[in-house]
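Heads up: the structure comes next, in structure tokens.
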Amino acid sequence: MICYLQLFPKYLRGYSTALVVGYRDDGFDDINSSIKELGLLYLFSLSGMHVFYLVKILQKLAQILRITAETVDMWLIICLPIYMILAGSSSSIIRAVFMVWIPIFSRYFLSIKIDKLTSWSLMIIINLLYSPMILFTMGMQLSYLLTLVLILNEEENSIKIGIKMSGYSIPLMLWHTYQWNVLTTFLSICIIPIFEYIILPFTIIGVLLNVFSKISNTILFLISIFFEKLADSSPMIIFGKPYLTVVILLLSLMICLEVSRRKNVIIYLQVLVYIFSYSQIHRNKDELVYFDIGQGDATLIREKNNNQVILVDTGGKVSFKHEKWRSRTSQTSGERIIVNYLLSKGINSIDKLYLTHQDADHVGNFPSISQKIKIKKILVPLGMEKLSSFNKRLNESNICNNKVVEPITDTSDFSKERIDILHPFVEGKGKNEDSIVLKYNMNKLIFLITGDLDQENEIKVIEKYPDLRCDILKVGHHGSKTSTADQFVKSLKPQYAIISVGLNNRYGHPNIETLRTLNANGIPYLMTSDKGMIKVVNMSKDKFCMSTKYGKILIRK
């Protein structure tokens with residue numbers, strides 16, 4: 001069925017595979033991204049709606065052809081489960097098929113009349129027994145919740161249904177995507193008729209009747225352009241990720257709104273909860289985050305109340321030449337990890353991006369991150385701005401102005417921003433030995449980030465800055481034996497060392513020699529491959545908390 005649908009033009013193919021079969025191919029990404037930005041992703045959580053329309057069409061055709069309703073019902077009992085399997089058995093398809101199938105089956109074989117609400121209840125129980133973890137997916141949450149809204153509001157007009165669907169979906173959308181489009185509520189009012197009377201009918205007609213496939217594709221193309229233009233022109237609020245208790249409270253208030261007579265009071269409460277949650281997300285203490293980015297490097301410096309957001313390296317995958325058929329489009333680790341973290345904290349722009357040197361595992365995710373997060377300034381070691389590899393990535397990014405790029409050496413003055421650049425000393429070619437060395441002062445707790453700097457240049461740094469000390473050292477080159485000289489560690493005297501490294505990586509990092517150097521100097525180390533994301537937060541004047549997925553460590557200065 002998927003292979004058959006792939007033969008249709010792009011937009012008919014995209015909508016039909018998503019709505020009819022529950023499968024989303026790479027060609028549907030553009031359409032899906034616009035719908036996601038508009039906060040209308042729940043349309044595809046309700047993709048099983050087409051099952052109800054198909055059943056109605058069959059029943060109407062049966063009447064015209066004078067086929068008895070009993071015969072049609074028997075065929076539906078047999079064919080609907082088969083269609084569910086062929087359509088990929090997504091949660092929305094399972095729900096839609098069995099909400100039609102259960103009442104018919106129970107009426108004929110059990111002599112029991114089951115209404116839509118009971119059918120919905122049975123389906124959510126069956127689905128959770130079959131696959132309990134599906135409860136945590138956005139598709140399942142929106143699919144069942146918004147279907148319930150439709151069942152309970154069958155007598156309401158489309159405007160009220162649209163407002164209610166928006167009210168129920170926004171908390172879940174914020175929980176999963178961290179952002180909200182200003183036009184979402186308005187579009188929720190008018191989108192149901194568009195979906196019901198344009199998108200679904202023309203998708204089904206285009207698939208069933210080849211004669212109309214081009215016309216259907218054109219209409220769906222115009223609808224997609226409409227979504228795209230709205231997404232580009234409408235403002236997006238980067239809300240951040242609310243607490244789970246806030247999401248539950250907002251959904252509970254929506255339920256109260258259904259039954260309470262004092263609706264104005266509940267609406268005011270909802271507004272206050274949204275405002276309070278937004279302000280809490282956007283208030284933060286100084287923090288420094290070492291991302292678990294795999295075999296790569298990425299560090300976030302976030303100052304109080306997001307006054308300044310600095311990213312040091314972006315991580316990235318070292319690519320090897322392989323056959324064309326093995327290439328595939330997918331999210332980078334920068335999008336999955338760094339972008340999602342920033343958006344969850346209500347951040348949509350980076351003030352400064354430091355790229356310590358040219359290696360792909362430090363800068364490879366930079367173009368994909370720039371597509372989602374605005375980057376105001378890029379700082380690179382002097383000489384790296386001339387490299388063709390860097391300029392290629394710059395062209396692939398969402399940055400049009402080369403003036404954003406600033407080459408730096410240790411002479412740059414960053415004292416007002418609590419950051420000092422200690423290396424490189426001279427112009428280079430962006431190699432390991434040219435890595436930026438960055439010192440950050442978080443209320444007198446000193447962090448040192450060294451990129452992939454080699455041992456020879458580590459010695460040169462402490463020779464030039466003999467009084468240099470740090471509390472937390474980001475170990476160079478992922479713990480390779482080419483970095484972390486014994487003299488360097490002895491001079492810095494760090495309390496802790498952080499090693500950013502991928503689990504079971506092909507390079508054998510961290511090297512045993514590096515670990516021996518740290519152990520010999522009595523320095524405890526934490527690896528991202530073991531501890532996950534490592535976060536250091538300034539709790540008070542001289543108290544800091546370093547947290548990992550396994551627990552917290554209190555650091556005093």
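Convention: chains lettered A, B, ... in structure tokens order; per-chain residue numbering from 1; ligands numbered from 1 as shown.
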
Considering only C-alpha atoms, give me a table of residues in stretch 244-363 of chain A that are at most 6 Å from stretch 534-544 of chain A, with the closest atom pair and distance in Å for each, as CSV.
```
residue,atom,partner,partner_atom,distance
A:Asp286,CA,A:Asn538,CA,5.4
A:Glu287,CA,A:Val537,CA,4.3
A:Leu288,CA,A:Val536,CA,5.2
A:Val289,CA,A:Lys535,CA,4.4
A:Tyr290,CA,A:Ile534,CA,5.1
```

**OP:** Might you pull out every residue within 10 Å of A:Ile238, with only C-alpha atoms counted and same-chain residues fewer than 6 positions away left off, and present them as a list of chain:residue names?
**Re:**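 That gives A:Leu174, A:Thr177, A:Tyr178, A:Gln179, A:Trp180, A:Asn181, A:Tyr278, A:Leu342, A:Leu343, A:Ser344, A:Lys345, A:Gly346, A:Ile347, A:Asn348.
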
Original post:
Which neighbours of stretch 415-429 of chain A fall inside 6 Å, counting only C-alpha atoms, when residues of the same chain fewer than 6 positions from it are skipped, and could you give them as a list in words?
Top reply: Leu382, Gly383, Met384, Thr409, Ile436, Val437, Leu438, Lys439, Tyr440 and Asn441 of chain A

Original post:
So how many Å separate atom CA of A:Val273 and atom CA of A:His176, to one decimal?
Top reply: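 Atom CA of A:Val273 sits 17.9 Å away from atom CA of A:His176.
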
Original post:
From the set A:Leu142, A:Val271, A:Cys470, A:Ala87, which residue has the shortest atom-to-atom contact distance to A:Ile2, counting only C-alpha atoms?
Top reply: A:Ala87

Subject >> Of the listed residues A:Ile77, A:Leu249, A:Ile163, A:Met527, that which approaches A:Leu187 most closely, counting only C-alpha atoms >> reply: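 That would be A:Ile163, the residue with the smallest distance to A:Leu187.
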
Among the residues of stretch 356-556 of chain A, find those DSSP assigns to helix (DSSP H, G or I) from the backbone and print them as a PDB file with N, CA and C atoms, in the first residue's frame.
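Below is the file out_39.pdb, written as the result:
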```pdb
ATOM      1  N   ALA A 360      34.925  17.867  12.875  1.00  0.00           N
ATOM      2  CA  ALA A 360      33.478  17.682  12.725  1.00  0.00           C
ATOM      3  C   ALA A 360      32.783  17.351  14.040  1.00  0.00           C
ATOM      4  N   ASP A 361      33.482  16.642  14.945  1.00  0.00           N
ATOM      5  CA  ASP A 361      32.836  16.285  16.210  1.00  0.00           C
ATOM      6  C   ASP A 361      32.711  17.478  17.157  1.00  0.00           C
ATOM      7  N   HIS A 362      33.231  18.623  16.742  1.00  0.00           N
ATOM      8  CA  HIS A 362      33.088  19.863  17.520  1.00  0.00           C
ATOM      9  C   HIS A 362      32.207  20.895  16.806  1.00  0.00           C
ATOM     10  N   VAL A 363      32.157  20.864  15.480  1.00  0.00           N
ATOM     11  CA  VAL A 363      31.437  21.896  14.724  1.00  0.00           C
ATOM     12  C   VAL A 363      30.406  21.331  13.743  1.00  0.00           C
ATOM     13  N   PHE A 366      26.725  22.556  13.786  1.00  0.00           N
ATOM     14  CA  PHE A 366      26.506  23.991  13.735  1.00  0.00           C
ATOM     15  C   PHE A 366      25.459  24.402  12.687  1.00  0.00           C
ATOM     16  N   PRO A 367      25.496  23.899  11.427  1.00  0.00           N
ATOM     17  CA  PRO A 367      24.483  24.310  10.446  1.00  0.00           C
ATOM     18  C   PRO A 367      23.059  23.926  10.857  1.00  0.00           C
ATOM     19  N   SER A 368      22.866  22.697  11.351  1.00  0.00           N
ATOM     20  CA  SER A 368      21.508  22.263  11.703  1.00  0.00           C
ATOM     21  C   SER A 368      20.969  23.024  12.916  1.00  0.00           C
ATOM     22  N   ILE A 369      21.830  23.346  13.871  1.00  0.00           N
ATOM     23  CA  ILE A 369      21.395  24.133  15.036  1.00  0.00           C
ATOM     24  C   ILE A 369      20.966  25.528  14.599  1.00  0.00           C
ATOM     25  N   SER A 370      21.705  26.114  13.655  1.00  0.00           N
ATOM     26  CA  SER A 370      21.404  27.477  13.197  1.00  0.00           C
ATOM     27  C   SER A 370      20.060  27.570  12.481  1.00  0.00           C
ATOM     28  N   GLN A 371      19.557  26.430  11.972  1.00  0.00           N
ATOM     29  CA  GLN A 371      18.249  26.420  11.315  1.00  0.00           C
ATOM     30  C   GLN A 371      17.118  26.574  12.340  1.00  0.00           C
ATOM     31  N   LYS A 372      17.380  26.201  13.574  1.00  0.00           N
ATOM     32  CA  LYS A 372      16.340  26.223  14.616  1.00  0.00           C
ATOM     33  C   LYS A 372      16.536  27.344  15.643  1.00  0.00           C
ATOM     34  N   MET A 384      40.896  30.083  11.083  1.00  0.00           N
ATOM     35  CA  MET A 384      39.877  29.082  10.747  1.00  0.00           C
ATOM     36  C   MET A 384      38.816  29.653   9.811  1.00  0.00           C
ATOM     37  N   GLU A 385      38.589  30.968   9.884  1.00  0.00           N
ATOM     38  CA  GLU A 385      37.570  31.602   9.039  1.00  0.00           C
ATOM     39  C   GLU A 385      37.899  31.510   7.552  1.00  0.00           C
ATOM     40  N   LYS A 386      39.156  31.190   7.223  1.00  0.00           N
ATOM     41  CA  LYS A 386      39.584  31.095   5.817  1.00  0.00           C
ATOM     42  C   LYS A 386      39.411  29.687   5.239  1.00  0.00           C
ATOM     43  N   SER A 388      37.982  26.295   3.728  1.00  0.00           N
ATOM     44  CA  SER A 388      36.848  25.970   2.851  1.00  0.00           C
ATOM     45  C   SER A 388      35.821  25.113   3.583  1.00  0.00           C
ATOM     46  N   SER A 389      36.289  24.206   4.468  1.00  0.00           N
ATOM     47  CA  SER A 389      35.362  23.343   5.213  1.00  0.00           C
ATOM     48  C   SER A 389      34.460  24.167   6.131  1.00  0.00           C
ATOM     49  N   PHE A 390      35.047  25.193   6.777  1.00  0.00           N
ATOM     50  CA  PHE A 390      34.243  26.053   7.650  1.00  0.00           C
ATOM     51  C   PHE A 390      33.260  26.882   6.838  1.00  0.00           C
ATOM     52  N   ASN A 391      33.724  27.439   5.733  1.00  0.00           N
ATOM     53  CA  ASN A 391      32.849  28.266   4.898  1.00  0.00           C
ATOM     54  C   ASN A 391      31.735  27.453   4.248  1.00  0.00           C
ATOM     55  N   LYS A 392      31.998  26.178   3.973  1.00  0.00           N
ATOM     56  CA  LYS A 392      30.958  25.303   3.450  1.00  0.00           C
ATOM     57  C   LYS A 392      29.850  25.136   4.488  1.00  0.00           C
ATOM     58  N   ARG A 393      30.244  24.906   5.744  1.00  0.00           N
ATOM     59  CA  ARG A 393      29.249  24.782   6.817  1.00  0.00           C
ATOM     60  C   ARG A 393      28.503  26.096   7.022  1.00  0.00           C
ATOM     61  N   LEU A 394      29.224  27.207   6.880  1.00  0.00           N
ATOM     62  CA  LEU A 394      28.603  28.518   7.028  1.00  0.00           C
ATOM     63  C   LEU A 394      27.533  28.721   5.959  1.00  0.00           C
ATOM     64  N   ASN A 395      27.813  28.277   4.734  1.00  0.00           N
ATOM     65  CA  ASN A 395      26.841  28.388   3.640  1.00  0.00           C
ATOM     66  C   ASN A 395      25.634  27.483   3.854  1.00  0.00           C
ATOM     67  N   GLU A 396      25.842  26.354   4.527  1.00  0.00           N
ATOM     68  CA  GLU A 396      24.739  25.425   4.805  1.00  0.00           C
ATOM     69  C   GLU A 396      23.883  25.904   5.972  1.00  0.00           C
ATOM     70  N   ASN A 402      28.401  37.275   6.771  1.00  0.00           N
ATOM     71  CA  ASN A 402      29.728  36.817   7.224  1.00  0.00           C
ATOM     72  C   ASN A 402      30.296  37.678   8.347  1.00  0.00           C
ATOM     73  N   LYS A 403      29.710  38.868   8.559  1.00  0.00           N
ATOM     74  CA  LYS A 403      30.184  39.750   9.633  1.00  0.00           C
ATOM     75  C   LYS A 403      29.895  39.158  11.008  1.00  0.00           C
ATOM     76  N   VAL A 404      29.025  38.145  11.037  1.00  0.00           N
ATOM     77  CA  VAL A 404      28.709  37.470  12.296  1.00  0.00           C
ATOM     78  C   VAL A 404      29.934  36.713  12.808  1.00  0.00           C
ATOM     79  N   SER A 415      36.816  40.527  29.547  1.00  0.00           N
ATOM     80  CA  SER A 415      36.777  40.588  31.003  1.00  0.00           C
ATOM     81  C   SER A 415      35.407  40.994  31.535  1.00  0.00           C
ATOM     82  N   LYS A 416      34.671  41.832  30.784  1.00  0.00           N
ATOM     83  CA  LYS A 416      33.361  42.286  31.241  1.00  0.00           C
ATOM     84  C   LYS A 416      32.330  41.164  31.208  1.00  0.00           C
ATOM     85  N   GLU A 417      32.590  40.119  30.431  1.00  0.00           N
ATOM     86  CA  GLU A 417      31.625  39.043  30.261  1.00  0.00           C
ATOM     87  C   GLU A 417      32.015  37.801  31.052  1.00  0.00           C
ATOM     88  N   ASN A 432      43.858  20.910  15.838  1.00  0.00           N
ATOM     89  CA  ASN A 432      43.843  20.666  17.285  1.00  0.00           C
ATOM     90  C   ASN A 432      44.744  21.634  18.045  1.00  0.00           C
ATOM     91  N   GLU A 433      45.949  21.834  17.496  1.00  0.00           N
ATOM     92  CA  GLU A 433      46.929  22.700  18.171  1.00  0.00           C
ATOM     93  C   GLU A 433      46.534  24.171  18.160  1.00  0.00           C
ATOM     94  N   ASP A 434      45.486  24.521  17.381  1.00  0.00           N
ATOM     95  CA  ASP A 434      45.006  25.910  17.324  1.00  0.00           C
ATOM     96  C   ASP A 434      43.744  26.114  18.158  1.00  0.00           C
ATOM     97  N   GLN A 455      49.257  18.478  24.120  1.00  0.00           N
ATOM     98  CA  GLN A 455      50.047  18.669  25.338  1.00  0.00           C
ATOM     99  C   GLN A 455      51.080  19.784  25.197  1.00  0.00           C
ATOM    100  N   GLU A 456      51.721  19.878  24.051  1.00  0.00           N
ATOM    101  CA  GLU A 456      52.746  20.905  23.844  1.00  0.00           C
ATOM    102  C   GLU A 456      52.174  22.299  24.058  1.00  0.00           C
ATOM    103  N   ASN A 457      50.980  22.547  23.520  1.00  0.00           N
ATOM    104  CA  ASN A 457      50.378  23.871  23.674  1.00  0.00           C
ATOM    105  C   ASN A 457      49.723  24.059  25.040  1.00  0.00           C
ATOM    106  N   GLU A 458      49.337  22.968  25.695  1.00  0.00           N
ATOM    107  CA  GLU A 458      48.872  23.079  27.079  1.00  0.00           C
ATOM    108  C   GLU A 458      49.994  23.656  27.950  1.00  0.00           C
ATOM    109  N   ILE A 459      51.228  23.156  27.733  1.00  0.00           N
ATOM    110  CA  ILE A 459      52.387  23.648  28.494  1.00  0.00           C
ATOM    111  C   ILE A 459      52.623  25.126  28.198  1.00  0.00           C
ATOM    112  N   LYS A 460      52.470  25.515  26.933  1.00  0.00           N
ATOM    113  CA  LYS A 460      52.662  26.919  26.561  1.00  0.00           C
ATOM    114  C   LYS A 460      51.645  27.825  27.251  1.00  0.00           C
ATOM    115  N   VAL A 461      50.418  27.330  27.424  1.00  0.00           N
ATOM    116  CA  VAL A 461      49.368  28.120  28.088  1.00  0.00           C
ATOM    117  C   VAL A 461      49.746  28.387  29.536  1.00  0.00           C
ATOM    118  N   ILE A 462      50.170  27.346  30.271  1.00  0.00           N
ATOM    119  CA  ILE A 462      50.506  27.569  31.695  1.00  0.00           C
ATOM    120  C   ILE A 462      51.821  28.328  31.842  1.00  0.00           C
ATOM    121  N   GLU A 463      52.695  28.266  30.825  1.00  0.00           N
ATOM    122  CA  GLU A 463      53.926  29.081  30.865  1.00  0.00           C
ATOM    123  C   GLU A 463      53.581  30.556  30.704  1.00  0.00           C
ATOM    124  N   LYS A 464      52.588  30.841  29.841  1.00  0.00           N
ATOM    125  CA  LYS A 464      52.190  32.237  29.649  1.00  0.00           C
ATOM    126  C   LYS A 464      51.335  32.743  30.804  1.00  0.00           C
ATOM    127  N   GLY A 476      40.858  17.782  27.573  1.00  0.00           N
ATOM    128  CA  GLY A 476      41.037  17.986  26.139  1.00  0.00           C
ATOM    129  C   GLY A 476      40.941  16.710  25.321  1.00  0.00           C
ATOM    130  N   HIS A 477      40.454  16.859  24.111  1.00  0.00           N
ATOM    131  CA  HIS A 477      40.435  15.793  23.096  1.00  0.00           C
ATOM    132  C   HIS A 477      39.787  14.512  23.615  1.00  0.00           C
ATOM    133  N   HIS A 478      38.709  14.642  24.388  1.00  0.00           N
ATOM    134  CA  HIS A 478      37.894  13.511  24.840  1.00  0.00           C
ATOM    135  C   HIS A 478      38.695  12.477  25.638  1.00  0.00           C
ATOM    136  N   GLY A 479      39.766  12.950  26.283  1.00  0.00           N
ATOM    137  CA  GLY A 479      40.581  12.038  27.082  1.00  0.00           C
ATOM    138  C   GLY A 479      41.653  11.312  26.295  1.00  0.00           C
ATOM    139  N   ASP A 486      50.658  15.921  32.337  1.00  0.00           N
ATOM    140  CA  ASP A 486      50.753  15.850  33.799  1.00  0.00           C
ATOM    141  C   ASP A 486      51.116  17.219  34.383  1.00  0.00           C
ATOM    142  N   GLN A 487      52.032  17.926  33.748  1.00  0.00           N
ATOM    143  CA  GLN A 487      52.444  19.257  34.208  1.00  0.00           C
ATOM    144  C   GLN A 487      51.276  20.238  34.154  1.00  0.00           C
ATOM    145  N   PHE A 488      50.464  20.121  33.118  1.00  0.00           N
ATOM    146  CA  PHE A 488      49.291  20.982  32.926  1.00  0.00           C
ATOM    147  C   PHE A 488      48.292  20.778  34.064  1.00  0.00           C
ATOM    148  N   VAL A 489      48.010  19.527  34.388  1.00  0.00           N
ATOM    149  CA  VAL A 489      47.045  19.201  35.451  1.00  0.00           C
ATOM    150  C   VAL A 489      47.577  19.637  36.808  1.00  0.00           C
ATOM    151  N   LYS A 490      48.875  19.398  37.060  1.00  0.00           N
ATOM    152  CA  LYS A 490      49.488  19.808  38.338  1.00  0.00           C
ATOM    153  C   LYS A 490      49.391  21.316  38.538  1.00  0.00           C
ATOM    154  N   SER A 491      49.581  22.074  37.467  1.00  0.00           N
ATOM    155  CA  SER A 491      49.555  23.536  37.548  1.00  0.00           C
ATOM    156  C   SER A 491      48.140  24.065  37.784  1.00  0.00           C
ATOM    157  N   LEU A 492      47.132  23.456  37.132  1.00  0.00           N
ATOM    158  CA  LEU A 492      45.751  23.948  37.223  1.00  0.00           C
ATOM    159  C   LEU A 492      45.098  23.586  38.551  1.00  0.00           C
ATOM    160  N   ILE A 512      43.872   5.269  28.688  1.00  0.00           N
ATOM    161  CA  ILE A 512      44.273   4.852  30.032  1.00  0.00           C
ATOM    162  C   ILE A 512      45.341   5.778  30.614  1.00  0.00           C
ATOM    163  N   GLU A 513      46.205   6.334  29.762  1.00  0.00           N
ATOM    164  CA  GLU A 513      47.262   7.243  30.235  1.00  0.00           C
ATOM    165  C   GLU A 513      46.659   8.511  30.837  1.00  0.00           C
ATOM    166  N   THR A 514      45.603   9.012  30.182  1.00  0.00           N
ATOM    167  CA  THR A 514      44.936  10.218  30.694  1.00  0.00           C
ATOM    168  C   THR A 514      44.293   9.941  32.048  1.00  0.00           C
ATOM    169  N   LEU A 515      43.643   8.798  32.166  1.00  0.00           N
ATOM    170  CA  LEU A 515      42.994   8.447  33.433  1.00  0.00           C
ATOM    171  C   LEU A 515      44.031   8.253  34.547  1.00  0.00           C
ATOM    172  N   ARG A 516      45.186   7.708  34.194  1.00  0.00           N
ATOM    173  CA  ARG A 516      46.262   7.548  35.182  1.00  0.00           C
ATOM    174  C   ARG A 516      46.771   8.910  35.649  1.00  0.00           C
ATOM    175  N   THR A 517      46.876   9.857  34.714  1.00  0.00           N
ATOM    176  CA  THR A 517      47.324  11.215  35.068  1.00  0.00           C
ATOM    177  C   THR A 517      46.359  11.852  36.064  1.00  0.00           C
ATOM    178  N   LEU A 518      45.046  11.716  35.789  1.00  0.00           N
ATOM    179  CA  LEU A 518      44.040  12.293  36.686  1.00  0.00           C
ATOM    180  C   LEU A 518      44.074  11.593  38.042  1.00  0.00           C
ATOM    181  N   ASN A 519      44.150  10.274  38.035  1.00  0.00           N
ATOM    182  CA  ASN A 519      44.183   9.517  39.309  1.00  0.00           C
ATOM    183  C   ASN A 519      45.437   9.837  40.123  1.00  0.00           C
ATOM    184  N   ALA A 520      46.565   9.972  39.434  1.00  0.00           N
ATOM    185  CA  ALA A 520      47.826  10.273  40.126  1.00  0.00           C
ATOM    186  C   ALA A 520      47.772  11.625  40.819  1.00  0.00           C
ATOM    187  N   THR A 528      30.658  11.863  30.261  1.00  0.00           N
ATOM    188  CA  THR A 528      29.280  12.002  29.768  1.00  0.00           C
ATOM    189  C   THR A 528      28.726  10.658  29.294  1.00  0.00           C
ATOM    190  N   SER A 529      29.604   9.753  28.815  1.00  0.00           N
ATOM    191  CA  SER A 529      29.141   8.440  28.365  1.00  0.00           C
ATOM    192  C   SER A 529      28.570   7.626  29.515  1.00  0.00           C
ATOM    193  N   ASP A 530      28.998   7.942  30.731  1.00  0.00           N
ATOM    194  CA  ASP A 530      28.558   7.222  31.929  1.00  0.00           C
ATOM    195  C   ASP A 530      27.509   8.010  32.705  1.00  0.00           C
ATOM    196  N   LYS A 531      27.744   9.302  32.884  1.00  0.00           N
ATOM    197  CA  LYS A 531      26.876  10.131  33.731  1.00  0.00           C
ATOM    198  C   LYS A 531      25.771  10.847  32.964  1.00  0.00           C
TER     199      LYS A 531
END
```

**OP:** For each of A:Ser169, A:Thr203, A:Gln331, A:Ser143, take the minimum atom-to-atom distance to A:Met254, counting only C-alpha atoms, then give the residue where this is smallest.
**Re:**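 Closest to A:Met254, using only C-alpha atoms: A:Ser169.
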
Original post:
Do you know which residues are at most 8 Å from A:Val380 counting only C-alpha atoms, after dropping those on the same chain fewer than 5 positions away, and could you put them as number ranges by chain?
Top reply: A: 354-357, 385, 405-408, 436

**OP:** Identify, on the basis of only C-alpha atoms, every residue whose closest approach to A:Cys3 does not exceed 10 Å; exclude the query and any residue fewer than 4 positions from it along the same chain; express the result as a list in words.
**Re:** Leu7, Phe8 and Thr17 of chain A

Original post:
How many Å lie between atom CA of A:Ile219 and atom CA of A:Val55, rounded to one decimal?
Top reply: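 Spanning atom CA of A:Ile219 to atom CA of A:Val55 is a straight-line distance of 23.8 Å.
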
**OP:** Among the residues of stretch 346-472 of chain A, find those DSSP assigns to strand (DSSP E or B) from the backbone and print them as a PyMOL selection string.
**Re:** chain A and resi 349-350+352-354+374-375+378-381+405-408+419-423+437-442+445-449+472

Contacts of A:Glu258 within 12 Å, only C-alpha atoms, excl. fewer than 5 positions in-chain, as a compact mmCIF listing (two decimals) with N, CA, C and O atoms, in the first residue's frame:
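What landed in out30.txt:
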```
# COMPACT_ATOMS: atom_id res chain seq x y z
N VAL A 149 -12.77 14.83 23.30
CA VAL A 149 -13.38 16.16 23.16
C VAL A 149 -14.43 16.16 22.06
O VAL A 149 -15.53 16.70 22.22
N LEU A 152 -17.61 14.19 23.22
CA LEU A 152 -18.41 14.90 24.23
C LEU A 152 -19.02 16.19 23.71
O LEU A 152 -19.87 16.79 24.37
N ASN A 153 -18.59 16.63 22.54
CA ASN A 153 -19.09 17.91 22.01
C ASN A 153 -19.68 17.77 20.61
O ASN A 153 -19.56 18.67 19.79
N LYS A 160 -16.81 26.40 18.74
CA LYS A 160 -16.60 25.96 20.13
C LYS A 160 -15.70 24.73 20.20
O LYS A 160 -14.84 24.63 21.08
N ILE A 161 -15.90 23.81 19.26
CA ILE A 161 -15.05 22.61 19.25
C ILE A 161 -13.60 22.99 19.00
O ILE A 161 -12.68 22.48 19.64
N LYS A 164 -12.08 24.50 22.15
CA LYS A 164 -11.83 23.47 23.15
C LYS A 164 -10.64 22.59 22.77
O LYS A 164 -9.81 22.26 23.62
N GLY A 167 -7.58 24.49 23.54
CA GLY A 167 -7.36 24.55 24.98
C GLY A 167 -6.77 23.27 25.55
O GLY A 167 -5.90 23.31 26.42
N TYR A 168 -7.24 22.13 25.05
CA TYR A 168 -6.72 20.85 25.51
C TYR A 168 -5.35 20.52 24.92
O TYR A 168 -4.53 19.87 25.57
N LEU A 251 -4.93 20.98 32.16
CA LEU A 251 -5.91 20.05 31.61
C LEU A 251 -7.10 19.89 32.56
O LEU A 251 -8.25 19.79 32.12
N SER A 252 -6.81 19.90 33.87
CA SER A 252 -7.88 19.81 34.87
C SER A 252 -8.79 21.03 34.80
O SER A 252 -10.02 20.91 34.92
N LEU A 253 -8.20 22.20 34.60
CA LEU A 253 -9.00 23.42 34.47
C LEU A 253 -9.87 23.39 33.22
O LEU A 253 -11.00 23.91 33.22
N LYS A 263 -17.32 30.14 34.56
CA LYS A 263 -16.32 29.93 33.52
C LYS A 263 -15.28 31.05 33.48
O LYS A 263 -14.11 30.80 33.21
N ILE A 266 -12.45 30.44 35.93
CA ILE A 266 -11.54 29.38 35.47
C ILE A 266 -10.62 29.89 34.36
O ILE A 266 -9.43 29.56 34.32
N ILE A 267 -11.17 30.69 33.45
CA ILE A 267 -10.35 31.25 32.36
C ILE A 267 -9.25 32.15 32.94
O ILE A 267 -8.10 32.09 32.50
```

**OP:** Quick one: everything within 9 Å of A:Phe52, counting only C-alpha atoms, minus sequence neighbours fewer than 6 positions away in the same chain. Send it as a PyMOL selection string.
**Re:** chain A and resi 96-97+100
